[in-house]
>>> print(open('protein-v5.tsv').read())   # TSV, C-alpha atoms
chain	number	residue	atom	x	y	z
A	100	MET	CA	-2.78	13.67	-14.27
A	101	ILE	CA	-4.54	11.47	-11.69
A	102	ARG	CA	-4.68	7.83	-12.80
A	103	THR	CA	-7.19	5.08	-12.07
A	104	ALA	CA	-5.95	2.16	-9.95
A	105	PRO	CA	-5.31	-0.13	-12.96
A	106	ALA	CA	-3.32	2.68	-14.59
A	107	VAL	CA	-1.33	3.16	-11.37
A	108	LEU	CA	-0.53	-0.56	-11.31
A	109	ASP	CA	0.47	-0.53	-14.97
A	110	ARG	CA	2.73	2.48	-14.50
A	111	ALA	CA	4.46	0.90	-11.50
A	112	ARG	CA	4.82	-2.39	-13.37
A	113	ALA	CA	6.63	-0.60	-16.19
A	114	TYR	CA	9.22	0.63	-13.66
A	115	VAL	CA	9.51	-2.54	-11.60
A	116	ALA	CA	9.12	-5.46	-14.02
A	117	PRO	CA	12.51	-5.08	-15.79
A	118	ALA	CA	14.37	-4.79	-12.47
A	119	MET	CA	12.44	-7.74	-11.06
A	120	GLN	CA	13.27	-9.94	-14.04
A	121	ASP	CA	16.93	-8.90	-13.96
A	122	ALA	CA	17.14	-9.88	-10.30
A	123	VAL	CA	15.43	-13.23	-10.82
A	124	ASP	CA	17.50	-14.11	-13.88
A	125	GLY	CA	20.61	-14.09	-11.69
A	126	MET	CA	19.29	-16.94	-9.53
A	127	SER	CA	20.64	-20.49	-9.53
A	128	PRO	CA	19.79	-22.24	-12.83
A	129	GLU	CA	18.45	-25.22	-10.85
A	130	LEU	CA	15.72	-22.99	-9.39
A	131	LEU	CA	15.08	-20.64	-12.25
A	132	THR	CA	12.48	-22.67	-14.18
A	133	ALA	CA	10.24	-23.12	-11.15
A	134	ILE	CA	10.63	-19.49	-10.01
A	135	ARG	CA	9.96	-18.03	-13.45
A	136	TYR	CA	6.89	-20.26	-13.67
A	137	HIS	CA	5.64	-19.13	-10.25
A	138	LEU	CA	6.09	-15.47	-11.12
A	139	GLY	CA	4.18	-15.93	-14.37
A	140	TYR	CA	7.15	-15.23	-16.62
A	141	ALA	CA	7.16	-18.68	-18.24
A	142	ASP	CA	5.26	-21.93	-18.66
A	143	ALA	CA	6.30	-25.08	-16.82
A	144	ASP	CA	8.63	-26.04	-19.66
A	145	GLY	CA	10.37	-22.66	-19.52
A	146	THR	CA	8.63	-21.11	-22.54
A	147	PRO	CA	8.31	-17.36	-21.89
A	148	VAL	CA	4.81	-15.89	-21.56
A	149	ALA	CA	3.69	-12.31	-22.03
A	150	ALA	CA	2.33	-11.37	-18.60
A	151	GLY	CA	3.52	-11.92	-15.05
A	152	GLY	CA	1.28	-13.10	-12.22
A	153	GLY	CA	-0.39	-11.01	-9.55
A	154	LYS	CA	-1.75	-7.48	-9.58
A	155	GLY	CA	1.44	-5.88	-8.27
A	156	VAL	CA	-0.15	-3.87	-5.45
A	157	ARG	CA	2.91	-4.00	-3.18
A	158	PRO	CA	5.43	-2.80	-5.78
A	159	ALA	CA	3.03	-0.03	-6.79
A	160	LEU	CA	2.82	1.12	-3.18
A	161	ALA	CA	6.62	1.15	-2.93
A	162	VAL	CA	6.93	3.33	-6.04
A	163	LEU	CA	4.18	5.67	-4.86
A	164	SER	CA	5.79	6.03	-1.45
A	165	ALA	CA	8.98	7.31	-3.07
A	166	GLU	CA	6.93	9.84	-5.03
A	167	ALA	CA	5.08	10.77	-1.83
A	168	ALA	CA	8.46	11.95	-0.54
A	169	GLY	CA	9.00	14.05	-3.65
A	170	ALA	CA	11.50	11.62	-5.21
A	171	ASP	CA	11.51	10.07	-8.66
A	172	ALA	CA	9.60	6.78	-8.96
A	173	GLY	CA	12.85	4.99	-9.77
A	174	VAL	CA	14.10	5.62	-6.23
A	175	GLY	CA	11.44	3.23	-4.96
A	176	VAL	CA	12.18	0.44	-7.45
A	177	PRO	CA	14.72	-1.51	-5.34
A	178	GLY	CA	12.24	-1.49	-2.48
A	179	ALA	CA	9.44	-2.56	-4.82
A	180	VAL	CA	11.48	-5.49	-6.09
A	181	ALA	CA	12.57	-6.53	-2.60
A	182	VAL	CA	9.03	-6.44	-1.20
A	183	GLU	CA	7.67	-8.41	-4.15
A	184	LEU	CA	10.38	-11.04	-3.75
A	185	VAL	CA	9.52	-11.43	-0.05
A	186	HIS	CA	5.82	-11.64	-0.88
A	187	ASN	CA	6.46	-14.43	-3.38
A	188	PHE	CA	8.72	-16.26	-0.93
A	189	SER	CA	5.74	-16.34	1.42
A	190	LEU	CA	3.36	-17.55	-1.30
A	191	LEU	CA	5.61	-20.45	-2.27
A	192	HIS	CA	5.82	-21.60	1.34
A	193	ASP	CA	2.14	-20.92	2.09
A	194	ASP	CA	1.05	-23.16	-0.77
A	195	VAL	CA	3.08	-26.01	0.72
A	196	VAL	CA	1.74	-25.41	4.24
A	197	ASP	CA	-1.87	-25.15	3.07
A	198	GLY	CA	-1.63	-27.96	0.52
A	199	ASP	CA	-3.00	-25.65	-2.17
A	200	ARG	CA	-2.62	-27.12	-5.63
A	201	GLU	CA	-3.75	-24.03	-7.54
A	202	ARG	CA	-2.81	-20.34	-7.46
A	203	ARG	CA	-3.75	-17.69	-10.00
A	204	HIS	CA	-5.48	-20.39	-12.07
A	205	ARG	CA	-2.24	-22.39	-12.41
A	206	THR	CA	-0.84	-25.44	-10.67
A	207	THR	CA	1.27	-24.40	-7.68
A	208	VAL	CA	5.03	-24.87	-7.73
A	209	TRP	CA	5.11	-27.61	-5.08
A	210	ALA	CA	2.42	-29.59	-6.89
A	211	LEU	CA	4.20	-29.30	-10.24
A	212	PHE	CA	7.91	-29.24	-9.38
A	213	GLY	CA	7.91	-30.79	-5.89
A	214	VAL	CA	7.97	-29.56	-2.32
A	215	GLY	CA	11.75	-29.17	-2.31
A	216	GLN	CA	11.72	-26.75	-5.23
A	217	ALA	CA	9.02	-24.66	-3.58
A	218	ILE	CA	10.80	-24.46	-0.23
A	219	ILE	CA	14.29	-23.82	-1.56
A	220	GLY	CA	12.96	-21.46	-4.22
A	221	GLY	CA	11.19	-19.45	-1.53
A	222	ASP	CA	14.34	-19.34	0.57
A	223	ALA	CA	16.27	-18.06	-2.45
A	224	LEU	CA	13.74	-15.28	-3.09
A	225	LEU	CA	14.05	-14.11	0.51
A	226	THR	CA	17.84	-13.82	0.38
A	227	LEU	CA	17.67	-12.23	-3.07
A	228	ALA	CA	15.35	-9.54	-1.68
A	229	LEU	CA	17.98	-8.41	0.80
A	230	ASP	CA	20.72	-8.54	-1.81
A	231	VAL	CA	18.69	-6.29	-4.13
A	232	LEU	CA	17.98	-3.83	-1.37
A	233	LEU	CA	21.51	-3.65	0.06
A	234	THR	CA	23.39	-3.32	-3.25
A	235	PRO	CA	24.91	-0.78	-3.25
A	236	ALA	CA	25.04	-0.21	0.51
A	237	THR	CA	23.92	3.26	1.58
A	238	PRO	CA	22.43	4.55	4.85
A	239	ALA	CA	18.99	4.85	3.24
A	240	ARG	CA	19.15	1.31	1.88
A	241	ALA	CA	20.29	-0.02	5.26
A	242	ARG	CA	17.32	1.72	6.90
A	243	ALA	CA	14.96	0.25	4.30
A	244	SER	CA	16.49	-3.21	4.71
A	245	ALA	CA	16.02	-3.12	8.46
A	246	ALA	CA	12.35	-2.22	7.93
A	247	LEU	CA	11.92	-5.11	5.50
A	248	VAL	CA	13.53	-7.60	7.90
A	249	ARG	CA	11.23	-6.48	10.72
A	250	ALA	CA	8.19	-6.74	8.45
A	251	THR	CA	9.21	-10.21	7.27
A	252	ASP	CA	9.67	-11.37	10.84
A	253	ARG	CA	6.18	-10.12	11.74
A	254	MET	CA	4.70	-11.72	8.62
A	255	ILE	CA	6.21	-15.10	9.53
A	256	ALA	CA	4.93	-14.78	13.09
A	257	GLY	CA	1.48	-14.00	11.75
A	258	GLN	CA	1.57	-17.05	9.51
A	259	ALA	CA	2.61	-19.20	12.48
A	260	SER	CA	-0.37	-17.90	14.45
A	261	ASP	CA	-2.68	-18.59	11.50
A	262	MET	CA	-1.47	-22.20	11.41
A	263	ALA	CA	-1.85	-22.61	15.17
A	264	PHE	CA	-5.41	-21.26	15.04
A	265	GLU	CA	-6.54	-24.11	12.75
A	266	THR	CA	-6.41	-26.57	15.66
A	267	ARG	CA	-7.76	-24.20	18.31
A	268	HIS	CA	-11.42	-23.77	19.16
A	269	ASP	CA	-11.06	-20.67	21.35
A	270	VAL	CA	-9.59	-18.08	18.96
A	271	SER	CA	-10.91	-14.60	19.71
A	272	ILE	CA	-11.68	-11.89	17.19
A	273	ASP	CA	-8.96	-9.71	18.73
A	274	GLU	CA	-6.44	-12.52	18.29
A	275	CYS	CA	-7.49	-12.93	14.67
A	276	LEU	CA	-7.12	-9.21	13.98
A	277	ALA	CA	-3.66	-9.20	15.59
A	278	MET	CA	-2.69	-12.19	13.43
A	279	GLU	CA	-3.92	-10.46	10.27
A	280	GLN	CA	-2.12	-7.23	11.18
A	281	ALA	CA	1.08	-9.27	11.24
A	282	LYS	CA	0.47	-11.77	8.44
A	283	THR	CA	-0.72	-9.25	5.84
A	284	GLY	CA	-0.43	-5.79	7.38
A	285	ALA	CA	3.29	-5.94	8.12
A	286	LEU	CA	4.44	-6.38	4.53
A	287	LEU	CA	1.86	-3.97	3.10
A	288	SER	CA	2.95	-1.42	5.69
A	289	CYS	CA	6.57	-1.91	4.65
A	290	ALA	CA	5.66	-1.65	0.96
A	291	SER	CA	3.78	1.59	1.63
A	292	SER	CA	6.80	3.24	3.27
A	293	ILE	CA	9.92	1.61	1.82
A	294	GLY	CA	10.17	4.02	-1.11
A	295	ALA	CA	10.01	6.95	1.29
A	296	LEU	CA	12.79	5.35	3.35
A	297	LEU	CA	14.91	4.99	0.22
A	298	ALA	CA	14.19	8.66	-0.53
A	299	ASP	CA	15.44	9.54	2.98
A	300	ALA	CA	12.09	11.06	3.93
A	301	ASP	CA	11.43	12.53	7.35
A	302	ASN	CA	9.92	10.40	10.11
A	303	ARG	CA	6.55	12.15	10.03
A	304	LEU	CA	5.90	11.11	6.43
A	305	VAL	CA	7.33	7.61	6.91
A	306	ASP	CA	5.17	7.06	10.00
A	307	ALA	CA	2.06	8.21	8.13
A	308	LEU	CA	2.78	5.81	5.27
A	309	VAL	CA	3.48	2.99	7.73
A	310	ALA	CA	0.07	3.58	9.34
A	311	TYR	CA	-1.62	3.81	5.92
A	312	GLY	CA	-0.16	0.44	4.92
A	313	ALA	CA	-0.92	-1.22	8.25
A	314	HIS	CA	-4.61	-0.30	8.08
A	315	LEU	CA	-4.74	-1.16	4.40
A	316	GLY	CA	-3.29	-4.57	5.29
A	317	VAL	CA	-6.12	-5.30	7.73
A	318	ALA	CA	-8.69	-4.21	5.13
A	319	PHE	CA	-6.93	-6.27	2.46
A	320	GLN	CA	-6.93	-9.39	4.65
A	321	ALA	CA	-10.55	-8.89	5.63
A	322	VAL	CA	-11.47	-8.93	1.95
A	323	ASP	CA	-9.27	-12.00	1.48
A	324	ASP	CA	-11.22	-13.65	4.30
A	325	LEU	CA	-14.43	-12.91	2.43
A	326	LEU	CA	-12.98	-14.23	-0.82
A	327	GLY	CA	-11.81	-17.37	1.00
A	328	ILE	CA	-15.47	-18.29	1.60
A	329	TRP	CA	-17.58	-16.52	-1.02
A	330	GLY	CA	-15.05	-15.75	-3.75
A	331	SER	CA	-15.69	-17.11	-7.22
A	332	PRO	CA	-13.04	-19.62	-8.36
A	333	ASP	CA	-12.79	-17.56	-11.57
A	334	VAL	CA	-11.60	-14.63	-9.46
A	335	THR	CA	-9.59	-16.32	-6.70
A	336	GLY	CA	-8.15	-19.29	-8.56
A	337	LYS	CA	-9.23	-21.48	-5.60
A	338	PRO	CA	-12.40	-23.48	-4.88
A	339	ALA	CA	-15.23	-21.59	-3.17
A	340	GLY	CA	-15.20	-22.14	0.58
A	341	SER	CA	-11.50	-23.02	0.61
A	342	ASP	CA	-10.87	-21.35	4.00
A	343	LEU	CA	-13.67	-23.39	5.59
A	344	ARG	CA	-12.23	-26.62	4.19
A	345	GLN	CA	-8.88	-25.76	5.81
A	346	HIS	CA	-10.55	-24.87	9.15
A	347	LYS	CA	-9.04	-21.37	8.96
A	348	LYS	CA	-10.19	-19.17	11.82
A	349	ALA	CA	-10.84	-16.19	9.58
A	350	LEU	CA	-12.96	-13.22	10.60
A	351	PRO	CA	-16.32	-14.26	9.08
A	352	LEU	CA	-16.24	-17.62	10.86
A	353	LEU	CA	-15.18	-16.11	14.20
A	354	PHE	CA	-17.93	-13.49	14.05
A	355	ALA	CA	-20.43	-16.28	13.36
A	356	LEU	CA	-19.11	-18.50	16.17
A	357	ALA	CA	-19.33	-15.58	18.61
A	358	VAL	CA	-23.14	-15.54	18.26
A	359	GLY	CA	-23.59	-19.32	18.38
A	360	ASP	CA	-26.07	-21.45	20.29
A	361	GLY	CA	-23.78	-22.74	23.03
A	362	ALA	CA	-23.12	-26.45	23.52
A	363	ASP	CA	-25.66	-27.48	20.88
A	364	ASP	CA	-24.37	-25.09	18.22
A	365	GLU	CA	-24.35	-26.66	14.77
A	366	LEU	CA	-21.49	-24.58	13.36
A	367	PRO	CA	-18.62	-25.79	15.59
A	368	ARG	CA	-19.94	-29.35	15.27
A	369	LEU	CA	-19.36	-29.19	11.53
A	370	PHE	CA	-15.64	-28.63	12.16
A	371	ALA	CA	-15.28	-31.18	14.96
A	372	GLY	CA	-15.05	-34.21	12.68
A	373	GLY	CA	-12.01	-33.25	10.62
A	374	SER	CA	-12.52	-32.96	6.85
A	375	LEU	CA	-15.64	-31.18	5.65
A	376	SER	CA	-17.79	-32.66	2.90
A	377	GLU	CA	-19.14	-30.42	0.15
A	378	ALA	CA	-22.47	-30.42	1.97
A	379	ASP	CA	-20.72	-29.38	5.20
A	380	VAL	CA	-18.96	-26.50	3.42
A	381	ALA	CA	-22.24	-25.33	1.91
A	382	ARG	CA	-24.00	-25.48	5.29
A	383	ALA	CA	-21.16	-23.72	7.10
A	384	THR	CA	-21.17	-20.97	4.46
A	385	GLU	CA	-24.91	-20.53	4.94
A	386	LEU	CA	-24.61	-20.33	8.72
A	387	VAL	CA	-21.69	-17.88	8.67
A	388	GLU	CA	-23.59	-15.49	6.43
A	389	ALA	CA	-26.88	-15.85	8.32
A	390	ARG	CA	-25.13	-14.98	11.58
A	391	GLY	CA	-23.62	-11.79	10.21
A	392	GLY	CA	-20.07	-13.03	9.61
A	393	ARG	CA	-19.95	-11.61	6.12
A	394	GLU	CA	-21.50	-8.26	7.06
A	395	ARG	CA	-19.22	-7.75	10.09
A	396	THR	CA	-16.11	-8.56	8.05
A	397	GLU	CA	-17.15	-6.13	5.33
A	398	GLU	CA	-17.50	-3.51	8.07
A	399	ILE	CA	-13.94	-4.21	9.28
A	400	ALA	CA	-12.66	-3.72	5.75
A	401	ARG	CA	-14.52	-0.42	5.32
A	402	ASN	CA	-13.40	0.92	8.69
A	403	HIS	CA	-9.73	0.17	8.12
A	404	LEU	CA	-9.90	1.62	4.62
A	405	GLY	CA	-11.10	4.86	6.22
A	406	LEU	CA	-8.31	4.75	8.80
A	407	ALA	CA	-5.74	4.15	6.07
A	408	LEU	CA	-6.89	7.19	4.13
A	409	ASP	CA	-7.04	9.33	7.28
A	410	SER	CA	-3.40	8.42	8.03
A	411	ILE	CA	-2.12	10.27	4.94
A	412	ALA	CA	-4.60	13.12	4.95
A	413	ASP	CA	-2.31	15.92	6.09
A	414	VAL	CA	1.38	15.06	5.73
A	415	GLY	CA	2.30	17.05	2.63
A	416	ILE	CA	2.04	14.33	-0.01
A	417	PRO	CA	1.81	15.81	-3.54
A	418	THR	CA	-1.81	16.02	-4.67
A	419	ASP	CA	-1.53	13.62	-7.60
A	420	VAL	CA	0.36	11.01	-5.56
A	421	HIS	CA	-2.14	11.32	-2.70
A	422	ALA	CA	-4.98	10.73	-5.15
A	423	GLU	CA	-3.27	7.62	-6.52
A	424	LEU	CA	-2.69	6.22	-3.01
A	425	ASP	CA	-6.40	6.82	-2.40
A	426	GLU	CA	-7.34	5.08	-5.67
A	427	LEU	CA	-5.11	2.12	-4.97
A	428	ALA	CA	-6.44	1.63	-1.44
A	429	ARG	CA	-10.04	1.66	-2.65
A	430	PHE	CA	-9.15	-0.77	-5.43
A	431	VAL	CA	-7.62	-3.21	-2.93
A	432	VAL	CA	-10.64	-3.16	-0.64
A	433	GLU	CA	-13.34	-3.08	-3.31
A	434	ARG	CA	-12.13	-6.13	-5.23
A	435	GLU	CA	-14.90	-8.09	-6.96
A	436	PHE	CA	-15.99	-11.52	-5.82
>>> encode(input="protein-v5.tsv", output="structure tokens")
Amino acid sequence: MIRTAPAVLDRARAYVAPAMQDAVDGMSPELLTAIRYHLGYADADGTPVAAGGGKGVRPALAVLSAEAAGADAGVGVPGAVAVELVHNFSLLHDDVVDGDRERRHRTTVWALFGVGQAIIGGDALLTLALDVLLTPATPARARASAALVRATDRMIAGQASDMAFETRHDVSIDECLAMEQAKTGALLSCASSIGALLADADNRLVDALVAYGAHLGVAFQAVDDLLGIWGSPDVTGKPAGSDLRQHKKALPLLFALAVGDGADDELPRLFAGGSLSEADVARATELVEARGGRERTEEIARNHLGLALDSIADVGIPTDVHAELDELARFVVEREF
């Protein structure tokens, strides 16, 4: 039976959620309240809640990649948990770096529990990810762990570039794409192949899944760039135009700047004075769309979705698993605003 994307996510969650909670429950008691809150397992006072946060795309990809190699879904679960822990490590730190006070319609950990809890909690999630993946130690788990470490290193480098771009006025579109391939594509690429690594799949299949995830990561980030300007707060959990307020050199803005009016261009002048007023954000949003920034970014997302699907077209993935990878990729790129 071929499932819709929400059904794929639900099925993966049923495999991964118990293992994820077991791993987290073994953390230091001093960090547990803040971490359980961040993951959506509990309220700020520690009261358990029914549903966790996030859609769970990365763990679903990890489970599907194990099945793509002909293994049981459970083979991919340690990889799914490890990737999700690394992802949440990055979110905790990103919220501190960006000064974001809201995520998933809830107050962020640093804003509620303090910066120290967010930083140390993120550090703990990162080390826990490797512990989950390397216990017990096997050649396949070592191979998967090495892939996760490389992906994490690239993700951090991408985040560093993203931060550096905020104070630069000469960021190129190619530089932005390279940053997004690292910041988002690296971990999605790892998620898309880590289950196959744990299943000891051959290099041809692993490489195809790596490419699928890398292209999906670019498409995913392109959509995030769109959401960062035009996304509804009800969908994103952040104010509309948040990326413009933070001077993020995301794709829509760079496409718009590339067709500017030279020295007298209004758009760069809006960002020259530091903080943007609400009127500045509204005007910048208008200019970016009028100059094709939204349309060009949507095109990037569509193109990389196609490349992702082409990557797994002929590598022997079981038909039902292939269809679910297709469904999940389209779901990621066609998110509503």
>>> residues_around(input="protein-v5.tsv", residues="Thr234 (chain A)", least_positions_apart="3", cutoff="12 Å", atoms="all atoms listed in the file", output="list of chain:residue names")
A:Ala122, A:Pro177, A:Gly178, A:Ala181, A:Leu227, A:Ala228, A:Leu229, A:Asp230, A:Val231, A:Thr237, A:Pro238, A:Ala239, A:Arg240, A:Ala241, A:Ala243, A:Ser244
>>> closest_residue(input="protein-v5.tsv", among="A:Gly392, A:Gly175, A:Pro105, A:Gly316", to="Ala300 (chain A)", atoms="all atoms listed in the file")
A:Gly175
>>> residues_around(input="protein-v5.tsv", residues="Val208 (chain A)", least_positions_apart="5", cutoff="7 Å", atoms="all atoms listed in the file", output="list in words")
Ala133, His137, Gly213 and Ala217 of chain A
>>> closest_residue(input="protein-v5.tsv", among="A:Leu287, A:Gly155, A:Val148, A:Pro332", to="Glu201 (chain A)", atoms="all atoms listed in the file")
A:Pro332
>>> atom_distance(input="protein-v5.tsv", atom1="CA of Asp306 (chain A)", atom2="CA of Leu224 (chain A)")
27.3 Å
>>> closest_residue(input="protein-v5.tsv", among="A:Asp194, A:Asp425, A:Glu394, A:Asp301", to="Leu160 (chain A)", atoms="only C-alpha atoms")
A:Asp425
>>> atom_distance(input="protein-v5.tsv", atom1="CA of Ala407 (chain A)", atom2="CA of Ser291 (chain A)")
10.8 Å
>>> closest_residue(input="protein-v5.tsv", among="A:Ala389, A:Val309, A:Leu225, A:Ala339", to="Leu184 (chain A)", atoms="only C-alpha atoms")
A:Leu225
>>> atom_distance(input="protein-v5.tsv", atom1="CA of Leu308 (chain A)", atom2="CA of Ile255 (chain A)")
21.6 Å
>>> closest_residue(input="protein-v5.tsv", among="A:Met262, A:Ala310, A:Val387, A:Leu297", to="Gly284 (chain A)", atoms="only C-alpha atoms")
A:Ala310
